[in-house]
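Here is the file protein-v9.txt (compact mmCIF, C-alpha atoms (C1' of nucleotides)).
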# COMPACT_ATOMS: atom_id res chain seq x y z
CA MET Y 1 0.00 0.00 0.00
CA LYS Y 2 2.15 2.77 1.33
CA PRO Y 3 5.72 1.50 1.17
CA ARG Y 4 7.26 4.05 3.54
CA LYS Y 5 4.01 5.58 4.52
CA SER Y 6 4.87 8.03 7.23
CA ASN Y 7 8.61 7.75 7.02
CA SER Y 8 8.64 11.11 5.28
CA ARG Y 9 6.23 12.51 7.80
CA ASP Y 10 8.50 11.70 10.72
CA LYS Y 11 11.54 12.98 8.90
CA ILE Y 12 9.77 16.23 8.20
CA LEU Y 13 8.58 16.64 11.77
CA ALA Y 14 12.07 16.04 13.10
CA ALA Y 15 13.51 18.42 10.53
CA ALA Y 16 11.05 21.12 11.55
CA ALA Y 17 12.08 20.80 15.18
CA ASP Y 18 15.72 20.96 14.16
CA VAL Y 19 15.27 24.04 12.04
CA ALA Y 20 13.32 25.79 14.78
CA ARG Y 21 16.12 25.11 17.22
CA GLU Y 22 19.00 25.99 14.93
CA ALA Y 23 17.66 28.84 12.85
CA GLY Y 24 15.55 30.33 15.58
CA PRO Y 25 11.82 30.04 16.15
CA GLY Y 26 11.05 32.94 13.84
CA ASN Y 27 12.87 31.44 10.90
CA LEU Y 28 10.97 28.23 10.49
CA SER Y 29 10.31 28.42 6.76
CA LEU Y 30 8.95 25.61 4.64
CA ASP Y 31 11.96 25.83 2.35
CA ALA Y 32 14.31 25.35 5.27
CA VAL Y 33 12.33 22.40 6.62
CA ALA Y 34 12.17 20.70 3.23
CA SER Y 35 15.87 21.09 2.61
CA ARG Y 36 16.70 19.91 6.11
CA ALA Y 37 14.46 16.86 5.67
CA GLY Y 38 16.19 16.08 2.40
CA ILE Y 39 13.09 16.45 0.25
CA SER Y 40 11.71 19.13 -1.98
CA LYS Y 41 9.21 21.74 -1.03
CA GLY Y 42 6.66 20.05 -3.23
CA GLY Y 43 7.15 16.86 -1.32
CA LEU Y 44 6.78 18.67 1.96
CA LEU Y 45 3.52 20.25 0.88
CA TYR Y 46 2.31 16.89 -0.31
CA ASN Y 47 2.65 15.49 3.21
CA PHE Y 48 1.48 18.63 4.98
CA PRO Y 49 -0.79 20.69 2.75
CA SER Y 50 -0.10 23.84 4.72
CA LYS Y 51 2.27 25.19 7.30
CA ALA Y 52 -0.55 25.17 9.82
CA LYS Y 53 -1.03 21.43 9.40
CA LEU Y 54 2.65 20.91 9.98
CA MET Y 55 2.58 22.88 13.21
CA GLN Y 56 -0.50 21.04 14.36
CA ALA Y 57 1.17 17.70 13.73
CA LEU Y 58 4.22 18.86 15.66
CA VAL Y 59 2.08 19.66 18.67
CA GLU Y 60 0.08 16.46 18.48
CA GLN Y 61 3.09 14.24 18.15
CA HIS Y 62 4.72 15.87 21.13
CA LEU Y 63 1.61 15.32 23.21
CA GLN Y 64 1.30 11.70 22.18
CA ASP Y 65 4.94 11.01 22.96
CA PHE Y 66 4.61 12.57 26.38
CA ALA Y 67 1.40 10.73 27.17
CA SER Y 68 2.76 7.34 26.23
CA ALA Y 69 6.02 7.94 28.09
CA LEU Y 70 3.99 8.86 31.15
CA GLU Y 71 1.96 5.69 30.93
CA ASP Y 72 5.14 3.66 30.60
CA ILE Y 73 6.74 5.16 33.65
CA HIS Y 74 3.57 5.00 35.65
CA SER Y 75 3.00 1.35 34.79
CA ALA Y 76 6.60 0.37 35.43
CA ASP Y 77 6.01 1.96 38.80
CA GLY Y 78 3.12 -0.29 39.73
CA ARG Y 79 0.67 2.55 39.03
CA LYS Y 80 1.30 3.70 42.56
CA ASN Y 81 2.03 7.41 42.42
CA LEU Y 82 1.07 9.35 39.30
CA LEU Y 83 2.46 12.64 40.56
CA SER Y 84 5.81 11.07 41.22
CA ALA Y 85 5.87 9.56 37.74
CA TYR Y 86 4.92 12.90 36.25
CA ILE Y 87 7.69 14.66 38.11
CA ARG Y 88 10.34 12.15 37.13
CA LEU Y 89 9.31 12.18 33.48
CA SER Y 90 9.24 15.97 33.34
CA VAL Y 91 12.63 16.29 34.96
CA GLU Y 92 14.08 13.72 32.61
CA GLU Y 93 12.60 15.50 29.63
CA CYS Y 94 14.06 18.80 30.79
CA GLN Y 95 17.50 17.27 30.94
CA GLU Y 96 17.58 16.12 27.34
CA THR Y 97 19.47 19.01 25.86
CA GLU Y 98 18.65 18.19 22.28
CA ALA Y 99 14.93 18.24 22.97
CA SER Y 100 14.50 21.94 23.72
CA ALA Y 101 11.01 22.16 22.28
CA SER Y 102 11.62 25.63 20.94
CA TRP Y 103 9.42 24.80 18.00
CA ILE Y 104 6.66 25.78 20.39
CA PHE Y 105 7.71 29.38 19.90
CA SER Y 106 7.37 28.94 16.17
CA ALA Y 107 3.87 27.61 16.66
CA ILE Y 108 2.92 30.51 18.90
CA ALA Y 109 4.34 33.03 16.46
CA GLU Y 110 2.35 31.39 13.70
CA ASP Y 111 -0.87 31.33 15.67
CA PRO Y 112 -1.38 31.08 19.44
CA GLU Y 113 -4.35 28.81 18.79
CA PHE Y 114 -1.92 25.97 18.21
CA LEU Y 115 -1.55 25.79 21.97
CA THR Y 116 -5.15 24.74 22.46
CA PRO Y 117 -4.47 20.98 22.37
CA ILE Y 118 -1.71 21.51 24.90
CA LYS Y 119 -4.07 23.41 27.16
CA THR Y 120 -6.68 20.68 27.19
CA PHE Y 121 -4.05 18.01 27.64
CA LYS Y 122 -2.62 19.80 30.64
CA ARG Y 123 -6.00 20.40 32.13
CA GLN Y 124 -6.96 16.74 31.87
CA LEU Y 125 -3.67 15.64 33.33
CA PHE Y 126 -4.06 18.04 36.21
CA GLU Y 127 -7.55 16.72 36.93
CA ARG Y 128 -6.19 13.21 36.99
CA LEU Y 129 -3.45 14.29 39.37
CA LYS Y 130 -5.96 15.99 41.64
CA ALA Y 131 -8.05 12.84 41.79
CA LYS Y 132 -5.05 10.74 42.69
CA THR Y 133 -3.15 13.00 45.04
CA PRO Y 134 -4.36 13.22 48.63
CA ASP Y 135 -2.51 16.40 49.56
CA LEU Y 136 -3.77 19.26 47.40
CA LYS Y 137 -1.23 21.75 48.73
CA ALA Y 138 1.64 19.45 47.92
CA LEU Y 139 0.20 18.82 44.46
CA LEU Y 140 -0.16 22.50 43.70
CA VAL Y 141 3.32 23.39 44.81
CA THR Y 142 5.04 20.50 43.07
CA TYR Y 143 3.02 20.82 39.89
CA LEU Y 144 3.76 24.50 39.60
CA ALA Y 145 7.42 23.96 40.40
CA ILE Y 146 7.66 21.42 37.60
CA GLU Y 147 5.95 23.88 35.31
CA GLY Y 148 8.57 26.39 36.36
CA LEU Y 149 11.36 23.96 35.62
CA ARG Y 150 9.92 23.30 32.21
CA SER Y 151 9.63 27.01 31.56
CA MET Y 152 13.21 27.70 32.57
CA THR Y 153 14.42 24.91 30.32
CA LEU Y 154 12.38 26.20 27.42
CA PHE Y 155 13.67 29.75 27.79
CA GLU Y 156 17.14 28.43 28.56
CA PHE Y 157 17.36 30.26 31.85
CA HIS Y 158 20.23 28.32 33.39
CA THR Y 159 19.77 29.81 36.80
CA LEU Y 160 20.17 26.67 38.89
CA GLU Y 161 23.37 24.84 39.62
CA ASP Y 162 23.32 21.07 39.28
CA GLU Y 163 23.22 20.54 43.04
CA GLU Y 164 20.42 23.04 43.48
CA ARG Y 165 18.49 21.31 40.77
CA GLN Y 166 19.00 17.96 42.45
CA LEU Y 167 17.96 19.36 45.79
CA LEU Y 168 14.84 20.74 44.20
CA VAL Y 169 13.92 17.45 42.56
CA ASP Y 170 14.49 15.59 45.80
CA SER Y 171 12.25 18.03 47.62
CA LEU Y 172 9.52 17.70 45.03
CA LEU Y 173 9.65 13.92 45.06
CA ALA Y 174 9.54 13.97 48.85
CA LEU Y 175 6.46 16.16 48.69
CA ALA Y 176 4.90 13.88 46.13
CA GLY Y 177 5.95 10.63 47.70
CA THR Y 178 4.41 11.00 51.11
CA ASP Y 179 1.15 12.20 52.51
CA ALA Y 180 3.03 14.88 54.32
CA GLY Y 181 1.95 18.41 53.61
CA ILE Y 182 3.97 21.54 53.98
CA ALA Y 183 5.57 22.26 57.29
CA GLY Y 184 4.30 25.04 59.45
CA MET R 1 13.00 73.23 24.01
CA LYS R 2 11.57 69.78 23.83
CA PRO R 3 7.86 70.20 24.33
CA ARG R 4 6.97 66.52 24.53
CA LYS R 5 10.47 65.19 24.65
CA SER R 6 10.21 61.45 24.07
CA ASN R 7 6.56 61.03 24.76
CA SER R 8 6.49 59.23 21.45
CA ARG R 9 8.87 56.60 22.70
CA ASP R 10 6.52 55.51 25.44
CA LYS R 11 3.56 55.61 23.13
CA ILE R 12 5.39 53.40 20.66
CA LEU R 13 6.45 50.92 23.31
CA ALA R 14 2.89 50.63 24.60
CA ALA R 15 1.60 50.30 21.05
CA ALA R 16 4.06 47.51 20.34
CA ALA R 17 2.87 45.56 23.38
CA ASP R 18 -0.73 46.10 22.33
CA VAL R 19 -0.15 44.94 18.79
CA ALA R 20 1.71 41.86 19.97
CA ARG R 21 -1.20 40.96 22.22
CA GLU R 22 -3.97 41.68 19.75
CA ALA R 23 -2.51 40.66 16.42
CA GLY R 24 -0.47 37.76 17.78
CA PRO R 25 3.22 37.60 18.53
CA GLY R 26 4.12 36.71 14.97
CA ASN R 27 2.37 39.70 13.48
CA LEU R 28 4.26 42.48 15.17
CA SER R 29 5.04 44.59 12.13
CA LEU R 30 6.43 48.09 12.20
CA ASP R 31 3.52 49.33 10.14
CA ALA R 32 1.06 47.97 12.66
CA VAL R 33 2.96 49.49 15.58
CA ALA R 34 3.23 52.86 13.88
CA SER R 35 -0.42 52.99 13.02
CA ARG R 36 -1.39 51.86 16.50
CA ALA R 37 0.84 54.51 18.05
CA GLY R 38 -0.71 57.14 15.83
CA ILE R 39 2.49 58.06 14.01
CA SER R 40 3.97 57.20 10.67
CA LYS R 41 6.43 54.50 9.97
CA GLY R 42 9.07 57.12 9.29
CA GLY R 43 8.47 58.59 12.71
CA LEU R 44 8.69 55.19 14.29
CA LEU R 45 12.02 54.49 12.66
CA TYR R 46 13.23 57.86 13.80
CA ASN R 47 12.67 56.87 17.43
CA PHE R 48 13.85 53.30 17.03
CA PRO R 49 16.26 52.97 14.12
CA SER R 50 15.51 49.27 13.69
CA LYS R 51 13.02 46.68 14.81
CA ALA R 52 15.73 45.11 16.93
CA LYS R 53 16.18 48.34 18.89
CA LEU R 54 12.47 48.45 19.53
CA MET R 55 12.44 44.93 20.91
CA GLN R 56 15.45 45.67 23.05
CA ALA R 57 13.76 48.72 24.52
CA LEU R 58 10.67 46.66 25.24
CA VAL R 59 12.71 44.16 27.22
CA GLU R 60 14.68 46.79 29.08
CA GLN R 61 11.65 48.80 30.07
CA HIS R 62 9.95 45.70 31.38
CA LEU R 63 12.97 44.80 33.48
CA GLN R 64 13.28 48.30 34.87
CA ASP R 65 9.61 48.41 35.79
CA PHE R 66 9.83 45.09 37.55
CA ALA R 67 12.99 46.01 39.42
CA SER R 68 11.62 49.29 40.69
CA ALA R 69 8.31 47.71 41.68
CA LEU R 70 10.24 45.09 43.61
CA GLU R 71 12.25 47.71 45.45
CA ASP R 72 9.06 49.58 46.30
CA ILE R 73 7.34 46.54 47.75
CA HIS R 74 10.44 45.40 49.55
CA SER R 75 10.99 48.80 51.11
CA ALA R 76 7.36 49.26 52.09
CA ASP R 77 7.85 45.94 53.82
CA GLY R 78 10.67 47.11 56.01
CA ARG R 79 13.16 45.23 53.82
CA LYS R 80 12.40 42.19 55.89
CA ASN R 81 11.73 39.33 53.49
CA LEU R 82 12.83 39.69 49.88
CA LEU R 83 11.44 36.33 48.81
CA SER R 84 8.03 37.22 50.15
CA ALA R 85 8.09 40.55 48.33
CA TYR R 86 9.15 38.79 45.15
CA ILE R 87 6.31 36.29 45.44
CA ARG R 88 3.68 38.92 46.08
CA LEU R 89 4.86 41.11 43.23
CA SER R 90 4.97 38.20 40.81
CA VAL R 91 1.53 36.99 41.76
CA GLU R 92 0.14 40.48 41.43
CA GLU R 93 1.77 40.87 38.03
CA CYS R 94 0.29 37.57 36.89
CA GLN R 95 -3.17 38.73 37.82
CA GLU R 96 -3.12 41.85 35.65
CA THR R 97 -4.93 40.50 32.67
CA GLU R 98 -4.01 43.35 30.37
CA ALA R 99 -0.32 42.86 31.01
CA SER R 100 0.15 39.46 29.38
CA ALA R 101 3.69 40.11 28.23
CA SER R 102 3.18 38.17 25.04
CA TRP R 103 5.47 40.62 23.28
CA ILE R 104 8.16 38.34 24.69
CA PHE R 105 7.18 35.79 22.07
CA SER R 106 7.64 38.42 19.39
CA ALA R 107 11.09 39.13 20.72
CA ILE R 108 12.01 35.44 20.76
CA ALA R 109 10.70 34.96 17.25
CA GLU R 110 12.77 37.91 16.15
CA ASP R 111 15.92 36.71 17.86
CA PRO R 112 16.29 34.59 21.02
CA GLU R 113 19.25 36.74 21.99
CA PHE R 114 16.82 39.38 23.18
CA LEU R 115 16.31 37.23 26.24
CA THR R 116 19.88 37.71 27.41
CA PRO R 117 19.15 40.74 29.60
CA ILE R 118 16.30 38.82 31.18
CA LYS R 119 18.59 35.90 31.88
CA THR R 120 21.17 38.00 33.67
CA PHE R 121 18.49 39.88 35.56
CA LYS R 122 16.96 36.64 36.78
CA ARG R 123 20.29 35.21 37.73
CA GLN R 124 21.24 38.24 39.78
CA LEU R 125 17.88 38.28 41.49
CA PHE R 126 18.20 34.61 42.34
CA GLU R 127 21.63 35.16 43.82
CA ARG R 128 20.21 37.94 45.96
CA LEU R 129 17.41 35.66 47.09
CA LYS R 130 19.84 32.91 47.96
CA ALA R 131 21.90 35.28 50.07
CA LYS R 132 18.84 36.43 51.95
CA THR R 133 16.88 33.23 52.38
CA PRO R 134 17.96 30.85 55.13
CA ASP R 135 16.11 27.79 53.85
CA LEU R 136 17.48 26.82 50.43
CA LYS R 137 14.92 24.08 49.87
CA ALA R 138 12.04 26.44 50.53
CA LEU R 139 13.62 29.03 48.23
CA LEU R 140 14.06 26.56 45.39
CA VAL R 141 10.53 25.23 45.59
CA THR R 142 8.85 28.61 45.92
CA TYR R 143 10.99 30.27 43.28
CA LEU R 144 10.31 27.51 40.76
CA ALA R 145 6.62 27.52 41.59
CA ILE R 146 6.46 31.25 40.92
CA GLU R 147 8.29 30.67 37.68
CA GLY R 148 5.66 28.08 36.87
CA LEU R 149 2.86 30.49 37.68
CA ARG R 150 4.43 33.08 35.41
CA SER R 151 4.79 30.54 32.65
CA MET R 152 1.19 29.42 32.90
CA THR R 153 0.03 33.01 32.78
CA LEU R 154 2.19 33.75 29.78
CA PHE R 155 0.94 30.74 27.85
CA GLU R 156 -2.57 31.34 29.12
CA PHE R 157 -2.90 27.89 30.61
CA HIS R 158 -5.84 28.50 32.89
CA THR R 159 -5.48 25.24 34.70
CA LEU R 160 -6.00 26.46 38.24
CA GLU R 161 -9.27 27.49 39.83
CA ASP R 162 -9.25 30.69 41.86
CA GLU R 163 -9.32 28.80 45.15
CA GLU R 164 -6.50 26.52 44.09
CA ARG R 165 -4.49 29.52 43.08
CA GLN R 166 -5.12 31.17 46.43
CA LEU R 167 -4.19 28.01 48.26
CA LEU R 168 -0.98 27.84 46.27
CA VAL R 169 -0.05 31.44 47.01
CA ASP R 170 -0.77 30.94 50.70
CA SER R 171 1.44 27.87 50.75
CA LEU R 172 4.26 29.68 49.01
CA LEU R 173 4.07 32.66 51.32
CA ALA R 174 4.05 30.31 54.28
CA LEU R 175 7.16 28.62 52.95
CA ALA R 176 8.80 31.99 52.38
CA GLY R 177 7.65 33.60 55.58
CA THR R 178 9.04 31.16 58.10
CA ASP R 179 12.23 29.26 58.58
CA ALA R 180 10.31 26.05 58.24
CA GLY R 181 11.49 23.70 55.58
CA ILE R 182 9.56 21.01 53.82
CA ALA R 183 7.88 18.33 55.86
CA GLY R 184 9.07 14.78 55.74
C1' DT C 1 -0.76 2.02 -17.29
C1' DC C 2 -1.96 3.97 -13.12
C1' DT C 3 -0.99 5.97 -8.83
C1' DA C 4 1.60 7.78 -5.27
C1' DC C 5 4.80 10.75 -4.74
C1' DT C 6 8.74 14.17 -6.01
C1' DG C 7 10.87 18.34 -7.99
C1' DT C 8 10.70 22.97 -10.05
C1' DA C 9 9.19 27.17 -11.59
C1' DC C 10 6.60 30.73 -10.41
C1' DC C 11 3.17 34.18 -8.22
C1' DG C 12 1.19 37.49 -4.91
C1' DT C 13 1.84 39.33 -0.61
C1' DC C 14 4.04 41.20 3.21
C1' DT C 15 7.84 43.41 5.63
C1' DG C 16 11.96 45.91 7.13
C1' DG C 17 14.05 49.76 6.30
C1' DA C 18 16.37 53.27 3.27
C1' DC C 19 15.53 57.77 1.67
C1' DG C 20 14.11 62.36 0.66
C1' DG C 21 11.02 65.73 2.06
C1' DT C 22 8.82 69.09 5.54
C1' DA C 23 7.24 71.72 9.44
C1' DT C 24 8.55 73.49 13.75
C1' DT C 25 11.62 75.31 16.88
C1' DG C 26 16.19 76.88 18.55
C1' DT C 27 20.64 79.64 17.87
C1' DC C 28 23.13 83.46 16.93
C1' DA C 29 25.49 87.10 14.50
C1' DA C 30 24.62 91.73 12.73
C1' DT W 1 14.60 92.73 15.80
C1' DT W 2 15.70 89.97 12.16
C1' DG W 3 17.31 86.90 8.84
C1' DA W 4 20.40 82.83 7.96
C1' DC W 5 21.12 78.52 9.36
C1' DA W 6 20.75 74.13 11.94
C1' DA W 7 18.63 70.49 14.71
C1' DT W 8 14.61 67.89 15.94
C1' DA W 9 10.79 65.20 15.00
C1' DC W 10 8.16 63.30 11.85
C1' DC W 11 5.90 61.87 7.20
C1' DG W 12 5.11 59.21 2.69
C1' DT W 13 7.09 56.48 -0.80
C1' DC W 14 9.57 52.97 -2.68
C1' DC W 15 12.05 48.60 -3.05
C1' DA W 16 14.50 44.23 -2.58
C1' DG W 17 13.97 40.04 -0.46
C1' DA W 18 11.61 36.36 1.91
C1' DC W 19 7.76 33.54 2.41
C1' DG W 20 3.56 30.52 1.77
C1' DG W 21 1.35 28.37 -1.57
C1' DT W 22 0.03 26.73 -6.50
C1' DA W 23 0.63 24.58 -10.97
C1' DC W 24 2.48 21.34 -13.37
C1' DA W 25 5.74 18.22 -15.31
C1' DG W 26 8.31 14.16 -14.12
C1' DT W 27 9.16 9.39 -12.28
C1' DA W 28 9.34 4.94 -10.09
C1' DG W 29 7.00 1.00 -8.21
C1' DA W 30 2.78 -2.18 -8.51

Representation of the structure as structure tokens:
Amino acid sequence: MKPRKSNSRDKILAAAADVAREAGPGNLSLDAVASRAGISKGGLLYNFPSKAKLMQALVEQHLQDFASALEDIHSADGRKNLLSAYIRLSVEECQETEASASWIFSAIAEDPEFLTPIKTFKRQLFERLKAKTPDLKALLVTYLAIEGLRSMTLFEFHTLEDEERQLLVDSLLALAGTDAGIAG
Amino acid sequence: MKPRKSNSRDKILAAAADVAREAGPGNLSLDAVASRAGISKGGLLYNFPSKAKLMQALVEQHLQDFASALEDIHSADGRKNLLSAYIRLSVEECQETEASASWIFSAIAEDPEFLTPIKTFKRQLFERLKAKTPDLKALLVTYLAIEGLRSMTLFEFHTLEDEERQLLVDSLLALAGTDAGIAG
DNA sequence: TCTACTGTACCGTCTGGACGGTATTGTCAA
DNA sequence: TTGACAATACCGTCCAGACGGTACAGTAGA
């Protein structure tokens, strides 16, 4: 049927992320993506009929990858503590230097509406976390702190030293791992 | 002498922020800014000789405003607890709906280097906080959580309910206001 | 041969910014 | 006082380049 069906698709998606990172989020042009993916512009537009579709696919793939990675970790964990799994996955993701999802900035520049799937995904995940986490205070603080870590990674604010970062993660996991609330 | 010295400058800066918010971060064109500011494109380029200079001024003004607001709050507070002042200012800033510094996305799309002044500002502020906060764990968690709150505001992820938000802020201020660490 | 896909040539639009012009105000010698 | 000149602040026009997207011809596998 389709000999290398979505092989091109994946190549293009990866190329788009690469271009966004290397050329800057504002310079994500279809020409650049096509050349980076090793195909022609015509071929690119055959797979993604418009730039908007490409961005959309970028967002959706990212969300799917994250969701399945979360399920993996959570299952490998005995489905015991979702918050803990979420924290560990997020921290891990933030440490992969080559990830740097700066293509998000391209998507926002193109049209902020591209964030909508991310918003609903986050909201659903947060609801799930609320249902599974006894201590709401601890959930709020840790969830926001993880969001902060993600933000600092995205913007490349390298404010924390390695030890500080480790101390932070330990604190968050401690907050997530017990029923203990915040002292005071 | 100079009847309305650089009144235009401020008008232009405000117009740029407005355009970025209303037309989307990727549609911040000089024409749009000029028309929004009520001057011509020639006049705009007289005040800011290039788009890059305009972006730079936007970043610098934002930083100056934040720094002076922080000093005000901290002083009004008896210069007692810098972290607490920082938290309250940040939360307040995140609640101003019209602020929505989405011009930052325009700056990033233009050139990620525009973030450099923000990076050094944040780093210096964090160093100051470290020097003044006895409990490093509490500092790390609260600082990151505030960063997360800022991020969610910027991206307009309205994940938290009002009560949850209030509970979060209370928890953070409690962590910042005492020498208590994290339970466990 | 047909179909799924690729490559190329091209078009219309938008944008930054260079440039020349102009009105107003300030400066200063005579 | 006045007239020559200069600086400031701004306007309107024009243009080269980049970009998204289309049209269409080509090609290789089934």

With a cut-off of 8 Å and counting all atoms listed in the file, select all residues of chain R in contact with chain Y and give the selection as a PyMOL selection string.
-> chain R and resi 24-27+105-106+108-112+119+122-123+126+137+140-152+157-159+164+167-168+171-172+174-175+178+180-184

Residues of chain W no more than 8 Å from chain Y, counting only C-alpha atoms (C1' of nucleotides): send them over as a PyMOL selection string.
-> chain W and resi 19-21

Find the residues near stretch 93-100 of chain R: any atom within 7 Å, counting all atoms listed in the file, skip ones fewer than 4 places away on the same chain, and give them as a list of chain:residue names.
-> R:Leu89, R:Arg150, R:Thr153, R:Leu154

Skip R:Ala67 itself and residues of its chain fewer than 3 positions away, then list as a list in words all residues within 12 Å of it, counting only C-alpha atoms (C1' of nucleotides).
->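 Here the qualifying residues turn out to be Glu60, Gln61, His62, Leu63, Gln64, Leu70, Glu71, Asp72, Ile73, His74, Ala85, Tyr86, Leu89, Ser90, Ile118, Phe121, Lys122, Gln124 and Leu125 of chain R.
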
Would you tabulate, counting all atoms listed in the file, all residues of chain C that have an atom at most 12 Å from an atom of chain Y, showing the closest pair of atoms and their distance in Å to one decimal, sorted by chain then ascending number, as a Markdown table?
| residue | atom | partner | partner_atom | distance |
| --- | --- | --- | --- | --- |
| C:DT3 | C1' | Y:Met1 | CA | 10.7 |
| C:DA4 | C1' | Y:Lys2 | CA | 8.3 |
| C:DC5 | C1' | Y:Gly43 | CA | 7.4 |
| C:DT6 | C1' | Y:Gly43 | CA | 5.6 |
| C:DG7 | C1' | Y:Ser40 | CA | 6.1 |
| C:DT8 | C1' | Y:Gly42 | CA | 8.4 |
| C:DA9 | C1' | Y:Gly42 | CA | 11.3 |

Pairwise distance, atom CA of Y:Ala101 with atom CA of Y:Ala57, equals 13.8 Å

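Here atom CA of Y:Leu58 and atom CA of Y:Ala16 stand 8.3 Å from one another.
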
Residues within 12 Å of C:DG21, only C-alpha atoms (C1' of nucleotides), excluding chain neighbours under 3 positions, as a PyMOL selection string | (chain R and resi 42) or (chain W and resi 10-13)

Pairwise distance for atom CA of R:Ala37 and atom CA of R:Ala17, rounded to one decimal in Å = 10.6 Å
